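K.L.:
Handing over final_23.cif, mmCIF, C-alpha atoms and all ligand atoms.
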data_run
#
loop_
_atom_site.label_atom_id
_atom_site.label_comp_id
_atom_site.auth_asym_id
_atom_site.auth_seq_id
_atom_site.Cartn_x
_atom_site.Cartn_y
_atom_site.Cartn_z
CA MET A 1 4.62 -14.60 -17.39
CA LYS A 2 1.15 -15.63 -18.40
CA VAL A 3 -0.42 -19.00 -19.09
CA LEU A 4 -2.34 -18.74 -22.36
CA SER A 5 -3.91 -22.17 -22.48
CA ILE A 6 -3.85 -25.65 -21.06
CA GLN A 7 -4.85 -28.99 -22.44
CA PHE A 8 -4.90 -32.14 -20.36
CA ASN A 9 -5.59 -35.80 -20.92
CA HIS A 10 -6.33 -38.36 -18.19
CA VAL A 11 -5.61 -36.17 -15.18
CA ARG A 12 -7.44 -37.39 -12.04
CA ASN A 13 -11.22 -36.96 -12.47
CA LEU A 14 -10.87 -34.20 -15.11
CA LYS A 15 -12.55 -34.64 -18.48
CA ASN A 16 -10.03 -34.16 -21.28
CA GLN A 17 -10.30 -30.53 -22.25
CA GLU A 18 -8.54 -27.46 -23.60
CA ILE A 19 -9.03 -24.10 -21.89
CA SER A 20 -7.70 -20.69 -22.92
CA PHE A 21 -7.10 -17.91 -20.42
CA PHE A 22 -7.49 -14.21 -21.11
CA SER A 23 -8.05 -12.69 -17.72
CA PRO A 24 -5.60 -11.71 -14.94
CA ILE A 25 -7.66 -13.60 -12.34
CA GLN A 26 -9.48 -16.90 -12.97
CA VAL A 27 -11.65 -18.57 -10.37
CA PHE A 28 -12.62 -22.25 -10.54
CA TYR A 29 -15.58 -22.80 -8.27
CA GLY A 30 -17.78 -25.76 -7.45
CA LYS A 31 -18.80 -28.22 -4.77
CA ASN A 32 -16.38 -30.54 -2.99
CA GLY A 33 -14.82 -33.30 -5.05
CA GLN A 34 -15.60 -31.79 -8.47
CA GLY A 35 -11.98 -31.35 -9.59
CA LYS A 36 -10.97 -27.82 -8.54
CA THR A 37 -7.67 -28.75 -6.92
CA SER A 38 -7.03 -31.17 -9.78
CA ILE A 39 -7.17 -28.39 -12.34
CA LEU A 40 -4.63 -26.29 -10.44
CA GLU A 41 -2.52 -29.41 -10.10
CA ALA A 42 -2.71 -29.98 -13.87
CA ILE A 43 -1.55 -26.41 -14.54
CA TYR A 44 1.30 -26.71 -12.03
CA PHE A 45 2.30 -30.08 -13.42
CA ALA A 46 2.34 -28.83 -17.00
CA GLY A 47 4.52 -25.91 -15.94
CA THR A 48 6.97 -27.63 -13.62
CA GLY A 49 6.69 -31.40 -14.10
CA LEU A 50 5.83 -31.66 -10.39
CA SER A 51 2.70 -31.93 -8.28
CA PHE A 52 2.02 -29.94 -5.12
CA ARG A 53 0.00 -32.87 -3.76
CA THR A 54 2.26 -35.81 -4.15
CA ARG A 55 5.81 -36.85 -4.92
CA HIS A 56 4.43 -39.75 -6.91
CA THR A 57 2.98 -37.97 -9.91
CA SER A 58 1.69 -41.21 -11.44
CA GLU A 59 -1.08 -40.95 -8.81
CA MET A 60 -2.42 -38.14 -11.00
CA ILE A 61 -3.31 -40.54 -13.81
CA THR A 62 -7.05 -41.20 -14.03
CA TYR A 63 -7.79 -44.50 -12.26
CA THR A 64 -8.81 -46.39 -15.39
CA LYS A 65 -5.91 -45.17 -17.58
CA ASN A 66 -2.19 -45.71 -17.67
CA THR A 67 -0.85 -42.59 -19.34
CA LEU A 68 -1.31 -38.88 -18.79
CA SER A 69 -0.36 -35.73 -20.66
CA CYS A 70 -0.55 -31.98 -20.13
CA PHE A 71 0.20 -29.35 -22.74
CA LEU A 72 0.54 -25.70 -21.81
CA GLU A 73 1.17 -22.52 -23.77
CA TYR A 74 2.59 -19.47 -22.04
CA GLN A 75 4.11 -16.13 -22.72
CA ASP A 76 7.16 -14.56 -21.14
CA GLN A 77 8.80 -11.20 -21.82
CA PHE A 78 10.30 -12.58 -25.02
CA SER A 79 7.75 -14.74 -26.81
CA GLU A 80 5.08 -17.43 -26.69
CA LYS A 81 6.27 -20.88 -25.69
CA SER A 82 4.86 -24.33 -25.09
CA LEU A 83 5.54 -27.09 -22.58
CA THR A 84 4.39 -30.69 -22.52
CA VAL A 85 4.77 -33.28 -19.79
CA SER A 86 3.49 -36.79 -20.11
CA ILE A 87 3.73 -39.91 -18.01
CA GLU A 88 4.12 -43.17 -19.82
CA LYS A 89 4.96 -46.42 -18.09
CA ASP A 90 5.73 -44.52 -14.87
CA LYS A 91 8.29 -42.38 -16.67
CA LYS A 92 7.95 -38.65 -17.24
CA VAL A 93 8.73 -37.20 -20.65
CA PHE A 94 9.32 -33.47 -21.16
CA PHE A 95 9.02 -31.23 -24.20
CA PHE A 96 9.82 -27.56 -24.69
CA LEU A 97 8.54 -26.01 -27.93
CA GLY A 98 7.89 -29.53 -29.19
CA LYS A 99 11.48 -30.64 -28.56
CA LYS A 100 12.20 -33.43 -26.11
CA ILE A 101 14.36 -32.26 -23.21
CA SER A 102 15.50 -33.48 -19.79
CA GLN A 103 13.71 -32.67 -16.53
CA MET A 104 16.65 -30.45 -15.53
CA GLU A 105 16.26 -28.41 -18.70
CA PHE A 106 12.49 -28.28 -18.27
CA PHE A 107 12.31 -27.06 -14.70
CA GLY A 108 12.52 -23.29 -14.25
CA ASN A 109 11.26 -22.18 -17.67
CA LEU A 110 7.85 -21.29 -16.33
CA ASN A 111 7.75 -20.05 -12.73
CA MET A 112 4.81 -20.80 -10.52
CA ILE A 113 3.88 -20.29 -6.92
CA PHE A 114 1.18 -22.36 -5.30
CA TYR A 115 -0.60 -22.05 -2.01
CA ILE A 116 -2.61 -24.98 -0.65
CA PRO A 117 -4.14 -25.60 2.80
CA GLU A 118 -1.48 -28.23 3.62
CA ASP A 119 1.25 -25.60 3.32
CA VAL A 120 1.00 -24.78 7.02
CA MET A 121 3.06 -27.95 7.37
CA LEU A 122 5.99 -25.78 6.33
CA ILE A 123 5.86 -24.38 9.85
CA ASN A 124 4.53 -27.36 11.78
CA GLY A 125 6.18 -30.18 9.87
CA SER A 126 9.66 -31.67 9.77
CA PRO A 127 12.83 -29.87 8.57
CA ASN A 128 12.77 -32.09 5.52
CA LEU A 129 9.73 -30.24 4.16
CA ARG A 130 11.39 -26.87 4.62
CA ARG A 131 14.55 -28.05 2.89
CA LEU A 132 12.47 -29.34 0.01
CA PHE A 133 10.73 -25.99 -0.27
CA ILE A 134 13.87 -23.88 -0.20
CA ASP A 135 15.67 -26.16 -2.65
CA ARG A 136 12.79 -26.02 -5.08
CA GLU A 137 12.58 -22.25 -4.87
CA ILE A 138 16.27 -21.61 -5.42
CA SER A 139 16.35 -24.11 -8.27
CA GLN A 140 13.62 -22.19 -10.09
CA THR A 141 16.05 -19.45 -11.01
CA ASN A 142 19.38 -21.17 -10.52
CA SER A 143 19.90 -24.32 -12.56
CA PHE A 144 23.46 -24.68 -11.25
CA TYR A 145 22.01 -25.01 -7.76
CA LEU A 146 19.74 -27.82 -8.95
CA HIS A 147 22.75 -29.50 -10.48
CA GLN A 148 24.78 -29.19 -7.25
CA LEU A 149 21.83 -30.43 -5.23
CA ARG A 150 21.71 -33.65 -7.19
CA LYS A 151 25.45 -34.01 -6.97
CA PHE A 152 25.36 -33.51 -3.21
CA SER A 153 22.63 -36.07 -2.70
CA ASN A 154 24.70 -38.56 -4.65
CA LEU A 155 27.86 -37.74 -2.67
CA LEU A 156 25.94 -38.14 0.57
CA LYS A 157 24.84 -41.61 -0.46
CA ILE A 158 28.39 -42.57 -1.40
CA ARG A 159 29.87 -41.15 1.80
CA ASN A 160 27.31 -42.98 3.95
CA LYS A 161 28.04 -46.20 2.10
CA TYR A 162 31.77 -45.87 2.80
CA LEU A 163 31.02 -45.17 6.46
CA LYS A 164 28.72 -48.17 6.68
CA GLU A 165 31.23 -50.47 5.05
CA LYS A 166 34.00 -49.06 7.25
CA LEU A 167 36.04 -47.91 4.26
CA TYR A 168 36.90 -44.49 5.69
CA GLU A 169 40.62 -45.27 5.63
CA ASN A 170 40.34 -45.63 1.89
CA GLU A 171 42.00 -42.91 -0.21
CA GLU A 172 38.90 -42.50 -2.37
CA TYR A 173 36.93 -41.68 0.74
CA THR A 174 39.10 -38.59 1.33
CA ILE A 175 38.48 -37.42 -2.23
CA TYR A 176 34.72 -37.90 -1.88
CA GLU A 177 34.75 -36.12 1.44
CA GLU A 178 36.42 -33.06 -0.04
CA GLU A 179 33.84 -32.96 -2.85
CA PHE A 180 31.12 -33.42 -0.25
CA VAL A 181 32.41 -30.38 1.66
CA LYS A 182 32.75 -28.21 -1.44
CA CYS A 183 29.39 -29.07 -2.89
CA GLY A 184 27.62 -28.88 0.49
CA SER A 185 29.21 -25.51 1.25
CA TYR A 186 27.88 -24.07 -1.99
CA LEU A 187 24.35 -25.22 -1.08
CA ILE A 188 24.64 -23.66 2.36
CA GLU A 189 25.97 -20.40 0.96
CA GLN A 190 23.12 -20.13 -1.54
CA ARG A 191 20.44 -21.06 0.97
CA LYS A 192 21.77 -18.57 3.49
CA LYS A 193 21.75 -15.82 0.86
CA TYR A 194 18.27 -16.75 -0.26
CA ILE A 195 16.83 -16.77 3.26
CA HIS A 196 18.43 -13.44 3.99
CA GLU A 197 16.89 -11.95 0.87
CA ILE A 198 13.46 -13.48 1.26
CA SER A 199 13.25 -12.55 4.93
CA LYS A 200 13.20 -8.85 4.05
CA PHE A 201 10.34 -9.28 1.58
CA VAL A 202 8.34 -11.55 3.88
CA LYS A 203 8.56 -9.07 6.72
CA LYS A 204 7.20 -6.27 4.56
CA ILE A 205 4.37 -8.34 3.07
CA TYR A 206 3.30 -9.64 6.47
CA GLN A 207 3.12 -6.14 7.86
CA ASN A 208 1.29 -4.73 4.83
CA LEU A 209 -1.28 -7.47 4.46
CA PHE A 210 -1.72 -9.09 7.83
CA ASP A 211 -0.42 -7.38 10.91
CA SER A 212 1.31 -4.03 10.86
CA GLU A 213 2.40 -4.41 14.48
CA LYS A 214 4.22 -7.72 14.33
CA SER A 215 7.63 -8.37 12.99
CA LEU A 216 8.26 -11.56 11.03
CA GLU A 217 11.70 -12.89 10.23
CA ILE A 218 13.11 -16.06 8.76
CA SER A 219 16.37 -17.40 10.01
CA TYR A 220 18.59 -20.12 8.57
CA LYS A 221 19.61 -22.75 11.11
CA SER A 222 22.80 -24.58 10.37
CA PHE A 223 25.28 -26.83 12.08
CA LEU A 224 27.80 -24.13 11.18
CA HIS A 225 28.49 -21.11 13.32
CA PHE A 226 27.74 -18.31 10.96
CA GLU A 227 29.35 -15.54 12.99
CA ASN A 228 32.69 -16.40 11.39
CA THR A 229 31.47 -17.70 8.06
CA ASN A 230 30.60 -15.33 5.29
CA SER A 231 32.48 -16.34 2.20
CA LEU A 232 32.29 -19.71 0.51
CA LEU A 233 35.85 -20.50 1.62
CA GLU A 234 35.01 -19.71 5.23
CA ILE A 235 31.99 -21.99 5.05
CA GLN A 236 34.16 -24.78 3.67
CA GLU A 237 36.71 -24.30 6.41
CA GLU A 238 34.06 -24.38 9.13
CA PHE A 239 32.45 -27.42 7.50
CA ARG A 240 35.76 -29.35 7.60
CA LYS A 241 36.22 -28.44 11.26
CA GLU A 242 32.76 -29.71 12.12
CA ILE A 243 33.41 -32.97 10.32
CA GLU A 244 36.59 -33.44 12.37
CA LYS A 245 34.64 -32.87 15.57
CA LYS A 246 32.05 -35.46 14.58
CA ARG A 247 34.40 -37.94 12.94
CA GLU A 248 34.27 -40.56 15.66
CA LYS A 249 30.53 -40.33 16.04
CA GLU A 250 30.01 -40.61 12.27
CA ILE A 251 32.08 -43.78 12.26
CA GLN A 252 30.14 -45.11 15.22
CA TYR A 253 26.71 -44.40 13.69
CA SER A 254 27.74 -44.93 10.03
CA PHE A 255 26.19 -41.83 8.56
CA SER A 256 27.03 -38.23 7.73
CA MET A 257 26.02 -36.11 10.68
CA VAL A 258 26.92 -32.67 9.37
CA GLY A 259 25.97 -31.01 6.12
CA PRO A 260 23.18 -29.07 4.42
CA HIS A 261 21.00 -32.19 4.65
CA LYS A 262 20.76 -31.45 8.38
CA ASP A 263 20.02 -27.72 8.10
CA ASP A 264 16.69 -26.01 8.61
CA PHE A 265 15.07 -22.60 8.77
CA VAL A 266 12.68 -21.09 11.29
CA PHE A 267 9.98 -18.44 11.23
CA LEU A 268 10.28 -15.94 14.01
CA LEU A 269 7.24 -13.86 14.86
CA GLU A 270 8.22 -11.10 17.25
CA GLY A 271 11.46 -13.01 17.68
CA GLU A 272 9.75 -16.22 18.86
CA ASP A 273 9.54 -19.53 17.00
CA ALA A 274 6.20 -19.46 15.11
CA LYS A 275 5.93 -23.25 15.30
CA LEU A 276 5.56 -23.00 19.07
CA TYR A 277 3.88 -19.66 19.57
CA ALA A 278 1.96 -18.42 16.50
CA SER A 279 -1.81 -18.92 16.28
CA GLN A 280 -3.35 -21.03 13.49
CA GLY A 281 -4.42 -17.90 11.61
CA GLU A 282 -1.00 -16.33 12.00
CA LYS A 283 0.65 -19.46 10.65
CA LYS A 284 -1.49 -19.32 7.51
CA SER A 285 -0.62 -15.66 7.03
CA ILE A 286 3.10 -16.33 7.58
CA ILE A 287 3.17 -19.02 4.91
CA PHE A 288 1.13 -16.93 2.55
CA SER A 289 3.59 -14.04 2.97
CA LEU A 290 6.42 -16.45 2.31
CA LYS A 291 4.80 -17.59 -0.91
CA LEU A 292 4.02 -14.06 -2.04
CA SER A 293 7.61 -13.00 -1.46
CA GLU A 294 8.47 -15.29 -4.37
CA ILE A 295 6.89 -12.72 -6.64
CA ASP A 296 9.43 -10.11 -5.54
CA ILE A 297 12.35 -12.53 -5.67
CA LEU A 298 11.52 -13.74 -9.16
CA SER A 299 10.91 -10.31 -10.56
CA LYS A 300 14.22 -9.18 -9.08
CA ASN A 301 16.29 -12.20 -10.15
CA LYS A 302 14.65 -13.03 -13.45
CA GLN A 303 12.67 -9.93 -14.43
CA GLU A 304 9.62 -12.13 -14.75
CA LEU A 305 6.41 -12.42 -12.75
CA PRO A 306 5.46 -15.92 -11.66
CA ILE A 307 2.00 -17.41 -12.00
CA VAL A 308 0.14 -17.65 -8.69
CA LEU A 309 -2.10 -20.64 -7.87
CA ILE A 310 -4.18 -20.52 -4.69
CA ASP A 311 -6.32 -23.49 -3.72
CA ASP A 312 -9.44 -23.03 -1.63
CA VAL A 313 -8.84 -19.34 -1.05
CA THR A 314 -11.72 -18.71 1.37
CA SER A 315 -10.46 -21.35 3.77
CA TYR A 316 -7.55 -19.13 4.81
CA PHE A 317 -8.98 -15.67 4.86
CA ASP A 318 -12.17 -13.88 5.72
CA ARG A 319 -13.83 -11.87 2.98
CA GLN A 320 -12.05 -8.61 3.74
CA ARG A 321 -8.60 -10.16 3.88
CA CYS A 322 -9.33 -12.14 0.74
CA GLU A 323 -10.08 -8.90 -1.06
CA SER A 324 -6.93 -7.18 0.15
CA VAL A 325 -4.81 -10.17 -0.90
CA LEU A 326 -6.36 -10.13 -4.36
CA GLN A 327 -5.94 -6.38 -4.60
CA TYR A 328 -2.27 -6.86 -3.75
CA LEU A 329 -1.90 -9.47 -6.51
CA LYS A 330 -3.73 -7.24 -8.96
CA GLU A 331 -1.35 -4.38 -8.27
CA LYS A 332 1.60 -6.72 -8.76
CA LYS A 333 0.08 -7.58 -12.15
CA VAL A 334 0.52 -11.32 -11.72
CA GLN A 335 -1.77 -13.86 -13.32
CA VAL A 336 -3.77 -15.71 -10.67
CA PHE A 337 -5.65 -19.01 -10.63
CA LEU A 338 -7.95 -19.56 -7.66
CA THR A 339 -10.33 -22.20 -6.48
CA SER A 340 -13.26 -21.70 -4.18
CA THR A 341 -16.45 -23.51 -3.24
CA GLU A 342 -18.46 -20.38 -4.06
CA ILE A 343 -18.44 -17.41 -6.43
CA LEU A 344 -16.30 -14.63 -4.96
CA ASN A 345 -17.05 -10.98 -4.82
CA ILE A 346 -14.20 -10.06 -7.10
CA ASP A 347 -13.75 -9.11 -10.69
CA ALA A 348 -12.50 -12.29 -12.34
CA LYS A 349 -13.18 -14.85 -15.01
CA TYR A 350 -15.29 -17.64 -13.50
CA TYR A 351 -15.30 -21.32 -14.38
CA LYS A 352 -17.75 -23.73 -12.86
CA MET A 353 -16.45 -27.22 -12.06
CA GLU A 354 -18.84 -30.15 -12.17
CA LYS A 355 -17.81 -33.80 -12.19
CA GLY A 356 -14.45 -32.98 -13.70
CA GLU A 357 -15.87 -30.79 -16.43
CA VAL A 358 -14.98 -27.10 -16.68
CA TYR A 359 -17.79 -24.71 -17.73
CA GLU A 360 -16.74 -21.23 -18.72
CA ILE A 361 -19.15 -18.65 -17.34
CA THR A 362 -19.75 -15.99 -19.96
CA ASP A 363 -20.35 -12.42 -18.80
CA SER A 364 -23.99 -11.47 -18.94
N1 LIG A 401 -6.20 -40.56 -10.09
C1 LIG A 401 -7.48 -40.25 -10.00
N2 LIG A 401 -8.36 -40.66 -10.95
C2 LIG A 401 -9.68 -40.34 -10.88
N3 LIG A 401 -10.21 -39.59 -9.91
C3 LIG A 401 -9.40 -39.16 -8.94
C4 LIG A 401 -8.00 -39.45 -8.93
N4 LIG A 401 -7.45 -38.88 -7.84
C5 LIG A 401 -8.45 -38.26 -7.20
N5 LIG A 401 -9.62 -38.42 -7.84
C6 LIG A 401 -10.96 -37.89 -7.50
O1 LIG A 401 -11.12 -36.65 -8.16
C7 LIG A 401 -12.13 -35.89 -7.51
C8 LIG A 401 -11.73 -34.43 -7.53
O2 LIG A 401 -10.74 -34.17 -6.59
P1 LIG A 401 -10.28 -32.70 -6.25
O3 LIG A 401 -9.38 -32.78 -5.08
O4 LIG A 401 -9.79 -32.03 -7.46
O5 LIG A 401 -11.66 -32.02 -5.80
P2 LIG A 401 -11.97 -30.53 -5.33
O6 LIG A 401 -12.98 -29.95 -6.26
O7 LIG A 401 -10.73 -29.78 -5.13
O8 LIG A 401 -12.71 -30.80 -3.93
P3 LIG A 401 -12.62 -30.02 -2.52
O9 LIG A 401 -13.53 -28.85 -2.62
O10 LIG A 401 -13.14 -31.05 -1.57
O11 LIG A 401 -11.20 -29.67 -2.27
C9 LIG A 401 -12.30 -36.52 -6.14
O12 LIG A 401 -13.54 -37.19 -6.11
C10 LIG A 401 -11.16 -37.52 -6.04
O13 LIG A 401 -11.49 -38.64 -5.28
MG MG A 402 -9.76 -29.11 -3.40
#
Can I see the file as structure tokens?
P.N.:
Amino acid sequence: MKVLSIQFNHVRNLKNQEISFFSPIQVFYGKNGQGKTSILEAIYFAGTGLSFRTRHTSEMITYTKNTLSCFLEYQDQFSEKSLTVSIEKDKKVFFFLGKKISQMEFFGNLNMIFYIPEDVMLINGSPNLRRLFIDREISQTNSFYLHQLRKFSNLLKIRNKYLKEKLYENEEYTIYEEEFVKCGSYLIEQRKKYIHEISKFVKKIYQNLFDSEKSLEISYKSFLHFENTNSLLEIQEEFRKEIEKKREKEIQYSFSMVGPHKDDFVFLLEGEDAKLYASQGEKKSIIFSLKLSEIDILSKNKQELPIVLIDDVTSYFDRQRCESVLQYLKEKKVQVFLTSTEILNIDAKYYKMEKGEVYEITDS
């Protein structure tokens, strides 16, 4: 996939503008606070309806305004397409090829990977962040998963409400619980599969790009004992057993103690938990490998290459590593958008950012 152009109105400090892209690698450079991250955010928002900075996308609206819109044209293996997202009165509106659609229909058309300095939180931060990441990634190519995810979150709320109101003797509760198990088991099955698949790619990328001597693995951590759970039915069975074991405690504490909402995954470097043992630099490389593995996953599952957005590229890597990463991306033939505080020593299209304005640098 390739982004052909973007047009944005009232995004953060950016001046309303339209920019067309012709090059495999584009670099936005400029001093601090000029709008570099904001432009990547605008591209990501136009493509996914989400921000990589905040869950409250209305924060992206320019301070003095109350609406925002982003329009993006892209090309996939079939044809040229367009996407629009706007925020009006705190509500997001989505269009695909000029036709209004729902957020569920919108998400997953254009695939993007971003890498920002805060991403190290995926190792250091709470399980919640990792679940959010994995759910978002699977949903990109599996809309049924997204659907089940929403259903599960709803069932979880209902189940907790019944527990709180001590209505667990109620017949309806039993029905909800069975749905909860079925839906939750599907999520676990898919996540487990995904982690297994991505772990192989991540290991290879880490060894190729960062450290040929260390072995990196990702492992899914669940309340279930996976030794005896492979099929969906086995997961369901195990899930029911775990609920039985926790039944009294759940009643005592009034919330659902087992389920995919409690699961997590860990990065193991040389078999040890990276959160505890990896160095700062290693953590950055681990997350970067994780993000790059998305390229392999998407090209395998969807026969498409995602767009790669990397914010503040020189803050993660020294010059040599930066070059090998970009060489890797070039060989993969993905379209890349980078930001940096200085011009890089790479063959790319450069754009200078100044006070929210983008200046295309023409080749001399
Ligand atoms: N909603 C908003 N409306 C207007 N300006 C905003 C809004 N949100 C953030 N800003 C401002 O936009 C400017 C650009 O922010 P941005 O993070 O894009 O800068 P940057 O070029 O990436 O800087 P750095 O190199 O420090 O990362 C900042 O001065 C920021 O305070
Ligand atoms: Mg920035």
K.L.:
Using all atoms listed in the file, which residues of chain A come within 8 Å of ligand MG 402 (chain A), and what is the closest atom pair for each, with the distance in Å to one decimal? Give it as CSV, sorted by chain and residue number.
P.N.:
residue,atom,partner,partner_atom,distance
A:Asn32,CA,A:MG402,MG,6.8
A:Gly33,CA,A:MG402,MG,6.8
A:Gly35,CA,A:MG402,MG,6.9
A:Lys36,CA,A:MG402,MG,5.4
A:Thr37,CA,A:MG402,MG,4.1
A:Ser38,CA,A:MG402,MG,7.2
A:Asp311,CA,A:MG402,MG,6.6
A:Asp312,CA,A:MG402,MG,6.3
A:Thr339,CA,A:MG402,MG,7.6
K.L.:
How would the residues just chosen look if you wrote them out with C-alpha atoms as a short mmCIF file (atom, residue, chain, number, x, y, z; two decimals), keeping the file's coordinate frame?
P.N.:
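New file part.cif:
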data_model
loop_
_atom_site.label_atom_id
_atom_site.label_comp_id
_atom_site.auth_asym_id
_atom_site.auth_seq_id
_atom_site.Cartn_x
_atom_site.Cartn_y
_atom_site.Cartn_z
CA ASN A 32 -16.38 -30.54 -2.99
CA GLY A 33 -14.82 -33.30 -5.05
CA GLY A 35 -11.98 -31.35 -9.59
CA LYS A 36 -10.97 -27.82 -8.54
CA THR A 37 -7.67 -28.75 -6.92
CA SER A 38 -7.03 -31.17 -9.78
CA ASP A 311 -6.32 -23.49 -3.72
CA ASP A 312 -9.44 -23.03 -1.63
CA THR A 339 -10.33 -22.20 -6.48
#
K.L.:
Could you give me, as a tab-separated table, every chain A residue with an atom at most 12 Å from ligand LIG 401 (chain A), plus its closest atom pair and distance in Å to one decimal, counting only C-alpha atoms and all ligand atoms, rows ordered by chain then number?
P.N.:
residue	atom	partner	partner_atom	distance
A:Asn9	CA	A:LIG401	N2	11.4
A:His10	CA	A:LIG401	N2	7.9
A:Val11	CA	A:LIG401	N1	6.7
A:Arg12	CA	A:LIG401	C1	3.5
A:Asn13	CA	A:LIG401	N3	3.8
A:Leu14	CA	A:LIG401	O1	7.4
A:Lys15	CA	A:LIG401	C2	9.9
A:Phe28	CA	A:LIG401	O6	8.8
A:Tyr29	CA	A:LIG401	O6	7.9
A:Gly30	CA	A:LIG401	O6	6.5
A:Lys31	CA	A:LIG401	O9	5.7
A:Asn32	CA	A:LIG401	O9	3.3
A:Gly33	CA	A:LIG401	O8	3.5
A:Gln34	CA	A:LIG401	O6	3.9
A:Gly35	CA	A:LIG401	O4	3.1
A:Lys36	CA	A:LIG401	O6	3.7
A:Thr37	CA	A:LIG401	O7	3.7
A:Ser38	CA	A:LIG401	O4	3.7
A:Ile39	CA	A:LIG401	O4	6.6
A:Leu40	CA	A:LIG401	O4	8.3
A:Glu41	CA	A:LIG401	O4	8.2
A:Ala42	CA	A:LIG401	O4	9.8
A:Phe52	CA	A:LIG401	O3	11.7
A:Arg53	CA	A:LIG401	O3	9.5
A:Thr54	CA	A:LIG401	N4	10.8
A:His56	CA	A:LIG401	N1	11.1
A:Thr57	CA	A:LIG401	N1	9.5
A:Ser58	CA	A:LIG401	N1	8.0
A:Glu59	CA	A:LIG401	N1	5.3
A:Met60	CA	A:LIG401	N1	4.6
A:Ile61	CA	A:LIG401	N1	4.7
A:Thr62	CA	A:LIG401	N2	3.4
A:Tyr63	CA	A:LIG401	N2	4.1
A:Thr64	CA	A:LIG401	N2	7.3
A:Lys65	CA	A:LIG401	N2	8.4
A:Asn66	CA	A:LIG401	N1	10.0
A:Thr67	CA	A:LIG401	N1	10.9
A:Leu68	CA	A:LIG401	N1	10.1
A:Ile116	CA	A:LIG401	O11	9.9
A:Pro117	CA	A:LIG401	O11	9.6
A:Glu118	CA	A:LIG401	O11	11.5
A:Ile310	CA	A:LIG401	O7	11.4
A:Asp311	CA	A:LIG401	O7	7.8
A:Asp312	CA	A:LIG401	O11	6.9
A:Val313	CA	A:LIG401	O11	10.7
A:Thr314	CA	A:LIG401	O9	11.0
A:Ser315	CA	A:LIG401	O11	10.3
A:Leu338	CA	A:LIG401	O7	10.9
A:Thr339	CA	A:LIG401	O7	7.7
A:Ser340	CA	A:LIG401	O9	7.3
A:Thr341	CA	A:LIG401	O9	6.1
A:Glu342	CA	A:LIG401	O9	9.9
A:Lys352	CA	A:LIG401	O6	10.2
A:Met353	CA	A:LIG401	O6	7.3
A:Glu354	CA	A:LIG401	O6	8.3
A:Lys355	CA	A:LIG401	C7	7.7
A:Gly356	CA	A:LIG401	C8	6.9
A:Glu357	CA	A:LIG401	C8	10.5
A:Val358	CA	A:LIG401	O6	11.0
K.L.:
Extending 6 Å beyond the listed atoms of region 321-333 of chain A on each side, what axis-aligned box results? I want centre and edge lengths in Å to one decimal, as JSON.
P.N.:
{"center_x": -4.2, "center_y": -8.3, "center_z": -4.1, "size_x": 23.7, "size_y": 19.8, "size_z": 28.0}
K.L.:
So, counting only C-alpha atoms, which residue among A:Met112, A:Gln77, A:Thr141, A:Ser102 is closest to Lys302 (chain A)?
P.N.:
A:Thr141
K.L.:
Measuring between only C-alpha atoms, which one of A:Leu216, A:Ala46, A:Leu163, A:Leu233 shows the shortest distance to Gly184 (chain A)?
P.N.:
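Of A:Leu216, A:Ala46, A:Leu163, A:Leu233, the one nearest Gly184 (chain A), counting only C-alpha atoms, is A:Leu233.
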K.L.:
Put region 35-59 of chain A into a file with C-alpha atoms, as a compact mmCIF listing (two decimals), in the first residue's frame.
P.N.:
# COMPACT_ATOMS: atom_id res chain seq x y z
CA GLY A 35 4.70 19.90 14.10
CA LYS A 36 6.67 16.82 12.99
CA THR A 37 4.90 14.32 15.22
CA SER A 38 1.61 16.04 14.43
CA ILE A 39 1.99 15.35 10.74
CA LEU A 40 2.60 11.64 11.32
CA GLU A 41 -0.36 11.67 13.67
CA ALA A 42 -2.53 13.27 10.97
CA ILE A 43 -1.52 10.56 8.47
CA TYR A 44 -2.19 7.79 11.00
CA PHE A 45 -5.50 9.33 11.98
CA ALA A 46 -6.65 9.67 8.38
CA GLY A 47 -5.77 6.02 7.78
CA THR A 48 -7.10 4.42 10.94
CA GLY A 49 -9.36 6.90 12.73
CA LEU A 50 -7.06 6.60 15.75
CA SER A 51 -4.16 8.54 17.23
CA PHE A 52 -0.94 7.00 18.51
CA ARG A 53 -0.67 9.79 21.08
CA THR A 54 -4.00 9.83 22.76
CA ARG A 55 -7.22 7.91 23.17
CA HIS A 56 -9.08 11.20 23.11
CA THR A 57 -8.70 12.22 19.49
CA SER A 58 -10.56 15.50 20.02
CA GLU A 59 -7.31 16.69 21.64
